[in-house]
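Enquirer: Provided below: entry.txt, containing compact mmCIF, C-alpha atoms (C1' of nucleotides).
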# COMPACT_ATOMS: atom_id res chain seq x y z
CA MET A 784 90.58 75.50 108.63
CA LEU A 785 86.96 74.52 108.28
CA LYS A 786 86.61 71.87 105.63
CA PRO A 787 83.71 71.79 103.17
CA ALA A 788 81.50 68.70 103.21
CA PRO A 789 82.35 65.98 100.66
CA GLY A 790 81.24 66.95 97.18
CA ALA A 791 80.28 70.42 98.38
CA SER A 792 81.48 72.29 95.31
CA ARG A 793 79.70 69.90 92.93
CA ARG A 794 76.48 70.15 94.94
CA LEU A 795 76.68 73.92 94.93
CA ARG A 796 77.23 73.83 91.17
CA ASP A 797 74.13 71.65 90.76
CA PHE A 798 72.21 74.12 92.88
CA TYR A 799 73.40 76.96 90.65
CA ASP A 800 72.51 75.11 87.44
CA ARG A 801 69.01 74.40 88.66
CA LEU A 802 68.47 77.96 89.86
CA VAL A 803 69.49 79.29 86.46
CA ARG A 804 67.16 76.85 84.73
CA VAL A 805 64.19 78.07 86.80
CA TYR A 806 64.94 81.72 87.54
CA GLY A 807 67.57 82.69 85.00
CA PRO A 808 69.28 83.74 83.01
CA ARG A 809 69.37 87.25 84.42
CA GLN A 810 72.80 88.72 83.44
CA TRP A 811 72.27 91.45 85.84
CA TRP A 812 72.53 94.48 87.99
CA PRO A 813 69.64 96.89 87.90
CA ALA A 814 71.55 99.96 86.77
CA LYS A 815 72.26 101.78 83.53
CA THR A 816 75.92 102.68 83.99
CA PRO A 817 78.94 101.39 85.93
CA LEU A 818 78.85 104.47 88.15
CA GLU A 819 75.22 103.76 88.95
CA VAL A 820 76.22 100.20 89.87
CA VAL A 821 78.79 101.56 92.30
CA ILE A 822 76.30 103.88 93.98
CA GLY A 823 73.70 101.11 94.12
CA ALA A 824 76.23 98.77 95.71
CA TYR A 825 76.75 101.23 98.55
CA LEU A 826 73.08 102.07 98.96
CA THR A 827 71.83 98.48 99.09
CA GLN A 828 73.96 97.53 102.08
CA ASN A 829 71.53 95.94 104.54
CA THR A 830 68.74 97.77 102.75
CA ALA A 831 65.78 96.68 100.64
CA TRP A 832 66.23 97.40 96.94
CA THR A 833 62.83 99.10 96.80
CA SER A 834 64.26 101.70 99.18
CA VAL A 835 67.40 102.02 97.07
CA GLU A 836 65.25 102.73 94.01
CA LYS A 837 63.82 105.82 95.68
CA SER A 838 67.29 107.16 96.35
CA ILE A 839 68.40 106.37 92.81
CA ALA A 840 65.36 108.20 91.45
CA ASN A 841 66.33 111.23 93.55
CA LEU A 842 69.88 111.14 92.22
CA GLU A 843 68.68 110.60 88.67
CA ALA A 844 66.30 113.56 88.85
CA ARG A 845 69.23 115.77 89.86
CA GLY A 846 71.43 114.41 87.10
CA LEU A 847 73.90 113.12 89.64
CA PHE A 848 75.03 109.95 87.91
CA THR A 849 78.20 111.50 86.57
CA VAL A 850 81.53 111.64 88.34
CA THR A 851 81.58 115.41 87.98
CA ALA A 852 78.14 115.98 89.48
CA LEU A 853 78.74 113.60 92.36
CA ARG A 854 82.08 115.20 93.05
CA GLU A 855 80.56 118.66 93.27
CA ILE A 856 77.39 118.09 95.26
CA PRO A 857 77.84 118.97 98.96
CA GLU A 858 77.80 115.93 101.19
CA ALA A 859 74.93 117.37 103.22
CA GLU A 860 72.75 117.52 100.10
CA LEU A 861 73.74 114.01 99.09
CA ARG A 862 72.56 112.76 102.48
CA VAL A 863 69.07 114.10 101.94
CA LEU A 864 68.78 112.49 98.50
CA ILE A 865 69.83 109.04 99.69
CA ARG A 866 67.81 109.25 102.86
CA PRO A 867 65.21 106.64 101.78
CA SER A 868 67.83 103.89 101.76
CA GLY A 869 69.00 104.47 105.33
CA TYR A 870 72.38 105.03 107.02
CA MET A 871 72.48 108.31 105.13
CA ILE A 872 75.40 109.82 107.06
CA ARG A 873 77.69 106.81 106.61
CA LYS A 874 76.67 106.12 103.05
CA ALA A 875 77.05 109.71 101.87
CA ALA A 876 80.53 109.84 103.40
CA ALA A 877 81.42 106.50 101.82
CA ILE A 878 80.26 107.59 98.37
CA LYS A 879 82.23 110.81 98.69
CA ALA A 880 85.29 108.79 99.72
CA PHE A 881 84.93 106.63 96.62
CA LEU A 882 84.85 109.71 94.39
CA ALA A 883 87.95 111.09 96.11
CA PHE A 884 89.71 107.77 95.59
CA LEU A 885 88.66 107.64 91.93
CA ASP A 886 89.99 111.15 91.39
CA ALA A 887 93.23 110.59 93.27
CA CYS A 888 94.18 107.21 91.82
CA TYR A 889 92.39 106.92 88.46
CA GLY A 890 91.89 110.46 87.21
CA GLY A 891 88.19 110.32 88.00
CA SER A 892 87.71 107.57 85.41
CA ILE A 893 85.75 104.38 86.06
CA GLU A 894 87.19 103.05 82.80
CA LYS A 895 90.72 103.42 84.12
CA LEU A 896 89.69 101.75 87.36
CA ALA A 897 88.18 98.89 85.37
CA ALA A 898 91.36 98.54 83.33
CA ALA A 899 93.50 97.98 86.42
CA PRO A 900 93.99 94.40 87.65
CA ALA A 901 91.75 93.21 90.47
CA GLU A 902 94.84 92.25 92.49
CA ILE A 903 95.42 95.98 92.78
CA THR A 904 91.90 97.38 92.86
CA ARG A 905 90.30 94.92 95.29
CA PRO A 906 92.61 95.87 98.18
CA GLN A 907 92.16 99.53 97.25
CA LEU A 908 88.38 99.21 97.40
CA LEU A 909 88.52 97.28 100.68
CA ALA A 910 90.59 100.08 102.20
CA LEU A 911 87.79 102.57 101.55
CA PRO A 912 85.36 103.40 104.35
CA GLY A 913 82.06 101.56 104.01
CA VAL A 914 83.47 98.96 101.64
CA GLY A 915 83.65 95.38 102.85
CA PRO A 916 84.06 92.19 100.84
CA GLU A 917 80.57 92.10 99.38
CA THR A 918 80.56 95.69 98.20
CA ALA A 919 84.09 95.42 96.82
CA ASP A 920 83.29 92.27 94.86
CA ALA A 921 79.95 93.64 93.64
CA ILE A 922 81.76 96.68 92.26
CA LEU A 923 84.49 94.53 90.71
CA LEU A 924 81.99 92.19 89.08
CA TYR A 925 79.05 94.36 88.07
CA ALA A 926 80.69 97.73 87.53
CA LEU A 927 84.18 96.72 86.39
CA GLY A 928 83.44 93.42 84.64
CA GLN A 929 85.99 91.39 86.56
CA PRO A 930 85.48 87.80 87.76
CA ALA A 931 84.83 88.35 91.48
CA MET A 932 82.38 86.06 93.28
CA VAL A 933 79.95 88.05 95.40
CA VAL A 934 79.17 86.39 98.73
CA ASP A 935 76.11 87.75 100.48
CA GLU A 936 74.00 86.77 103.47
CA TYR A 937 71.68 84.67 101.29
CA LEU A 938 74.51 82.52 99.92
CA ARG A 939 75.84 82.13 103.44
CA ARG A 940 72.48 80.79 104.58
CA VAL A 941 72.29 78.36 101.67
CA VAL A 942 75.73 76.81 102.11
CA THR A 943 75.57 76.59 105.90
CA ARG A 944 71.98 75.43 106.30
CA HIS A 945 72.39 72.69 103.73
CA GLY A 946 75.58 71.51 105.37
CA LEU A 947 78.03 72.39 102.63
CA LEU A 948 80.06 74.35 105.17
CA PRO A 949 79.92 74.62 108.97
CA VAL A 950 77.80 77.45 110.35
CA LYS A 951 81.02 79.07 111.54
CA ALA A 952 82.39 79.36 108.01
CA ARG A 953 84.07 82.66 107.20
CA HIS A 954 83.36 84.86 104.21
CA ALA A 955 86.56 83.82 102.43
CA GLU A 956 85.74 80.14 102.84
CA ILE A 957 82.29 80.56 101.34
CA GLN A 958 83.79 82.50 98.47
CA ALA A 959 86.44 79.85 97.90
CA LEU A 960 83.79 77.12 97.78
CA ALA A 961 81.64 79.08 95.33
CA GLU A 962 84.61 79.78 93.08
CA LYS A 963 85.66 76.15 93.21
CA SER A 964 82.20 75.24 91.94
CA PHE A 965 83.18 76.75 88.60
CA HIS A 966 86.56 75.07 88.45
CA GLY A 967 87.54 74.35 84.86
CA GLU A 968 85.43 77.09 83.32
CA GLU A 969 87.00 79.41 80.78
CA ALA A 970 88.23 82.62 82.35
CA ALA A 971 85.85 84.60 80.15
CA SER A 972 82.79 82.66 81.25
CA LEU A 973 83.74 82.88 84.93
CA ALA A 974 82.50 86.46 85.24
CA ARG A 975 79.28 85.49 83.47
CA HIS A 976 78.67 82.63 85.94
CA PHE A 977 79.53 84.78 88.96
CA ASN A 978 77.17 87.45 87.64
CA GLU A 979 74.40 84.93 87.18
CA PHE A 980 74.97 83.17 90.50
CA HIS A 981 74.63 86.27 92.63
CA ALA A 982 71.69 87.41 90.50
CA VAL A 983 69.66 84.24 91.06
CA ILE A 984 70.67 84.08 94.71
CA VAL A 985 69.26 87.55 95.24
CA GLU A 986 66.22 86.66 93.15
CA THR A 987 65.44 83.78 95.51
CA GLY A 988 66.87 85.39 98.61
CA LYS A 989 63.55 85.86 100.36
CA LEU A 990 63.13 82.09 100.40
CA HIS A 991 65.95 81.72 102.89
CA CYS A 992 64.33 82.88 106.11
CA ARG A 993 66.43 84.88 108.46
CA ARG A 994 65.26 83.16 111.60
CA THR A 995 64.69 79.53 110.66
CA PRO A 996 68.03 77.82 111.25
CA GLN A 997 67.34 74.90 108.94
CA CYS A 998 66.17 75.56 105.40
CA HIS A 999 64.22 72.32 105.21
CA LEU A 1000 62.14 73.42 108.21
CA CYS A 1001 61.20 76.70 106.58
CA PRO A 1002 57.98 76.54 104.54
CA LEU A 1003 59.18 79.14 102.07
CA ALA A 1004 62.54 77.52 101.63
CA PHE A 1005 60.80 74.23 101.04
CA ASP A 1006 59.59 75.48 97.68
CA LEU A 1007 63.09 76.48 96.75
CA ALA A 1008 64.40 73.14 97.97
CA ARG A 1009 62.28 71.36 95.40
CA ILE A 1010 63.45 73.22 92.33
CA GLY A 1011 63.22 70.83 89.43
CA GLY A 1012 61.04 68.47 91.43
CA GLU A 1013 63.80 67.16 93.66
CA PRO A 1014 65.84 68.37 96.62
CA ILE A 1015 68.43 70.89 95.50
CA LEU A 1016 70.99 70.15 98.15
CA SER A 1017 70.58 66.87 99.92
C1' DC B 890 53.74 96.70 116.05
C1' DG B 891 57.97 93.83 115.18
C1' DC B 892 60.82 91.99 111.87
C1' DC B 893 63.47 92.38 107.89
C1' DA B 894 66.54 94.37 104.21
C1' DG B 895 71.84 92.20 98.32
C1' DG B 896 76.76 95.19 105.22
C1' DC B 897 80.18 97.45 107.58
C1' DC B 898 82.59 99.22 111.57
C1' DG B 899 84.03 100.14 116.33
C1' DT B 900 84.37 98.11 120.71
C1' DG B 901 84.78 94.73 124.22
C1' DT B 902 86.21 90.09 125.54
C1' DA C 4 90.55 86.38 116.57
C1' DC C 5 85.66 86.70 117.25
C1' DA C 6 81.05 88.03 118.98
C1' DC C 7 78.03 91.92 119.43
C1' DG C 8 75.57 96.21 118.98
C1' DG C 9 74.85 100.43 116.35
C1' DC C 10 73.84 102.53 112.23
C1' DA C 11 68.47 104.93 109.44
C1' DT C 12 64.74 104.21 106.84
C1' DG C 13 60.69 102.05 104.77
C1' DG C 14 57.77 97.92 103.52
C1' DC C 15 54.99 94.32 104.97
Go ahead and render the structure in this file as structure tokens.

Expert:
Amino acid sequence: MLKPAPGASRRLRDFYDRLVRVYGPRQWWPAKTPLEVVIGAYLTQNTAWTSVEKSIANLEARGLFTVTALREIPEAELRVLIRPSGYMIRKAAAIKAFLAFLDACYGGSIEKLAAAPAEITRPQLLALPGVGPETADAILLYALGQPAMVVDEYLRRVVTRHGLLPVKARHAEIQALAEKSFHGEEAASLARHFNEFHAVIVETGKLHCRRTPQCHLCPLAFDLARIGGEPILS
DNA sequence: CGCCAGGCCGTGT
DNA sequence: ACACGGCATGGC
């Protein structure tokens, strides 16, 4: 088991607090309805949000942001509409699989899905094709309102490059560290913090270069590293 | 042009 | 158990 560095959860909490002070609060997901959050969560996998917006506009124009409409549109047509956001074959199949699951297990109702406990729904989501931990937790948090911490590539870069966790750290370990950073919070405010954390991480994501192995060596990250006039994680 | 984007999955060690 | 390549498209 890879151990976090001493004080890692407190340092990550400080980082979060400072990010919110500068970039937040966002209380977030750029979508109008829970169903639109779900679709967006699939479409944005390894894809720029600007590309996702084109697909969403296509779906919107066809009135497809209802369970009924999405259920009825042929998969081949769905592919064409989501083409701008890439991986159209996989993503169309995955979205169709979600609708089938929603129909089979929750009567086609997002509300019923949201009412079920995450201990049940998270494994169900993870069993769907095209749903890994980030997509599952994004759906749980932003579409279903449940306290699930979303761990993405940007957060991974932050915690590993600033030495909070070893570079080998697994997804679950990063998630555990992030959740521990909010230890002692009221259950109700947990979802609000998780929402805000992922929101500001995405907001500043471009500052964590893909190539540069050390944040403090990256010119862009250097700006981020001085949030509030002092090093964020040192 | 080449790299990157709010991952996930199948395959080979 | 883990590393690695493929998946599609568009923006910069």

Enquirer: Can you check which parts of chain B lie within 12 Å of stretch 873-891 of chain A? Per residue, the shortest pair of atoms and distance in Å to one decimal, counting all atoms listed in the file, sorted by chain and number, as a tab-separated table.

Expert:
residue	atom	partner	partner_atom	distance
B:DG896	C1'	A:Lys874	CA	11.1
B:DC897	C1'	A:Arg873	CA	9.7
B:DC898	C1'	A:Arg873	CA	10.3

Enquirer: With distances taken over all atoms listed in the file, which residue among A:Val933, A:Arg994, A:Val985, A:Phe977 lies nearest B:DC892?

Expert: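 Checking each candidate against B:DC892, we get A:Arg994 as the closest.
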
Enquirer: Report as a compact mmCIF listing (two decimals) with C-alpha atoms, in the coordinates of the input all protein, DNA and RNA residues lying within 7 Å of A:Glu917, evaluated on all atoms listed in the file, omitting residues in the same chain fewer than 2 positions from it.

Expert:
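So part28.txt came out as:
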# COMPACT_ATOMS: atom_id res chain seq x y z
CA GLY A 915 83.65 95.38 102.85
CA ALA A 919 84.09 95.42 96.82
CA ASP A 920 83.29 92.27 94.86
CA ALA A 921 79.95 93.64 93.64
CA VAL A 933 79.95 88.05 95.40
CA VAL A 934 79.17 86.39 98.73
CA ASP A 935 76.11 87.75 100.48

Enquirer: Choose the residue, out of A:Val863, A:Leu938, A:Leu924, A:Val950, that has the smallest atom-to-atom separation from A:His976; count all atoms listed in the file.

Expert: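 So, comparing all the options, the nearest one is A:Leu924.
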
Enquirer: Draw an axis-aligned box over all listed atoms of stretch 901-908 of chain A, pad each side with 5 Å, and write its centre and edge lengths in Å, one decimal, as JSON.

Expert:
{"center_x": 91.9, "center_y": 95.9, "center_z": 94.3, "size_x": 17.0, "size_y": 17.3, "size_z": 17.7}

Enquirer: I need the chain C residues near chain A as a VMD selection string; criterion: at most 8 Å, counting all atoms listed in the file.

Expert: chain C and resid 10 to 13

Enquirer: Separation of atom CA of A:Lys951 and atom CA of A:Phe965, in Å?

Expert: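 Rounded to one decimal, the two atoms are 23.2 Å apart.
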
Enquirer: Just the number, please: distance in Å from atom CA of A:Gln810 to atom CA of A:Ala898, one decimal.

Expert: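 Here the two named atoms are 21.0 Å from each other.
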
Enquirer: What gap, in Å, lies between atom CA of A:Ile922 and atom CA of A:Ala824?

Expert: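 Pair atom CA of A:Ile922 / atom CA of A:Ala824 returns 6.8 Å.
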
Enquirer: Within 12 Å of A:Ala952, counting all atoms listed in the file, which residues qualify if same-chain residues fewer than 4 places away don't, as number ranges by chain?

Expert: A: 784-788, 938-944, 946-948, 956-960

Enquirer: Keeping only C-alpha atoms, write the selected residues as an mmCIF file, in the coordinates of the input.

Expert:
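The result, stored in part_14.cif:
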data_model
loop_
_atom_site.group_PDB
_atom_site.id
_atom_site.type_symbol
_atom_site.label_atom_id
_atom_site.label_comp_id
_atom_site.auth_asym_id
_atom_site.auth_seq_id
_atom_site.Cartn_x
_atom_site.Cartn_y
_atom_site.Cartn_z
ATOM 1 C CA MET A 784 90.580 75.500 108.630
ATOM 2 C CA LEU A 785 86.960 74.520 108.280
ATOM 3 C CA LYS A 786 86.610 71.870 105.630
ATOM 4 C CA PRO A 787 83.710 71.790 103.170
ATOM 5 C CA ALA A 788 81.500 68.700 103.210
ATOM 6 C CA LEU A 938 74.510 82.520 99.920
ATOM 7 C CA ARG A 939 75.840 82.130 103.440
ATOM 8 C CA ARG A 940 72.480 80.790 104.580
ATOM 9 C CA VAL A 941 72.290 78.360 101.670
ATOM 10 C CA VAL A 942 75.730 76.810 102.110
ATOM 11 C CA THR A 943 75.570 76.590 105.900
ATOM 12 C CA ARG A 944 71.980 75.430 106.300
ATOM 13 C CA GLY A 946 75.580 71.510 105.370
ATOM 14 C CA LEU A 947 78.030 72.390 102.630
ATOM 15 C CA LEU A 948 80.060 74.350 105.170
ATOM 16 C CA GLU A 956 85.740 80.140 102.840
ATOM 17 C CA ILE A 957 82.290 80.560 101.340
ATOM 18 C CA GLN A 958 83.790 82.500 98.470
ATOM 19 C CA ALA A 959 86.440 79.850 97.900
ATOM 20 C CA LEU A 960 83.790 77.120 97.780
#

Enquirer: For A:Phe848, list every protein, DNA or RNA residue within 8 Å, evaluated using all atoms listed in the file, and leave out those in the same chain fewer than 6 positions away; present the list as a PyMOL selection string.

Expert: chain A and resi 818-819+842

Enquirer: Which residue, A:Ala840, A:Leu853, A:Ala955, A:Val914, has the smallest gap to chain B when you use all atoms listed in the file?

Expert: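 Using all atoms listed in the file, the shortest distance to chain B belongs to A:Val914.
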
Enquirer: Looking at A:Ile839, A:Leu802, A:Leu826, A:Met932, which one is nearest to chain B, with distances taken over only C-alpha atoms (C1' of nucleotides)?

Expert: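 For chain B, the nearest of the given residues is A:Leu826.
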
Enquirer: List the residues sitting within 12 Å of (57.5, 91.1, 111.2) in the file's frame, using only C-alpha atoms (C1' of nucleotides), as a list in words.

Expert: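 Counting only C-alpha atoms (C1' of nucleotides), I find these residues within 12 Å of (57.5, 91.1, 111.2): Cys992, Arg993 and Arg994 of chain A; DC890, DG891, DC892, DC893 and DA894 of chain B; DG14 and DC15 of chain C.
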
Enquirer: So which residues touch stretch 803-807 of chain A within 7 Å, counting only C-alpha atoms (C1' of nucleotides), skipping near sequence neighbours fewer than 3 positions away, as an mmCIF file with C-alpha atoms, in the frame of the given file?

Expert:
data_model
loop_
_atom_site.group_PDB
_atom_site.id
_atom_site.type_symbol
_atom_site.label_atom_id
_atom_site.label_comp_id
_atom_site.auth_asym_id
_atom_site.auth_seq_id
_atom_site.Cartn_x
_atom_site.Cartn_y
_atom_site.Cartn_z
ATOM 1 C CA TYR A 799 73.400 76.960 90.650
ATOM 2 C CA ASP A 800 72.510 75.110 87.440
ATOM 3 C CA VAL A 983 69.660 84.240 91.060
#

Enquirer: Neighbours of B:DT902 within 12 Å (only C-alpha atoms (C1' of nucleotides); same-chain residues fewer than 2 positions away dropped), as JSON, numbers by chain?

Expert: {"B": [900], "C": [4, 5, 6, 7]}
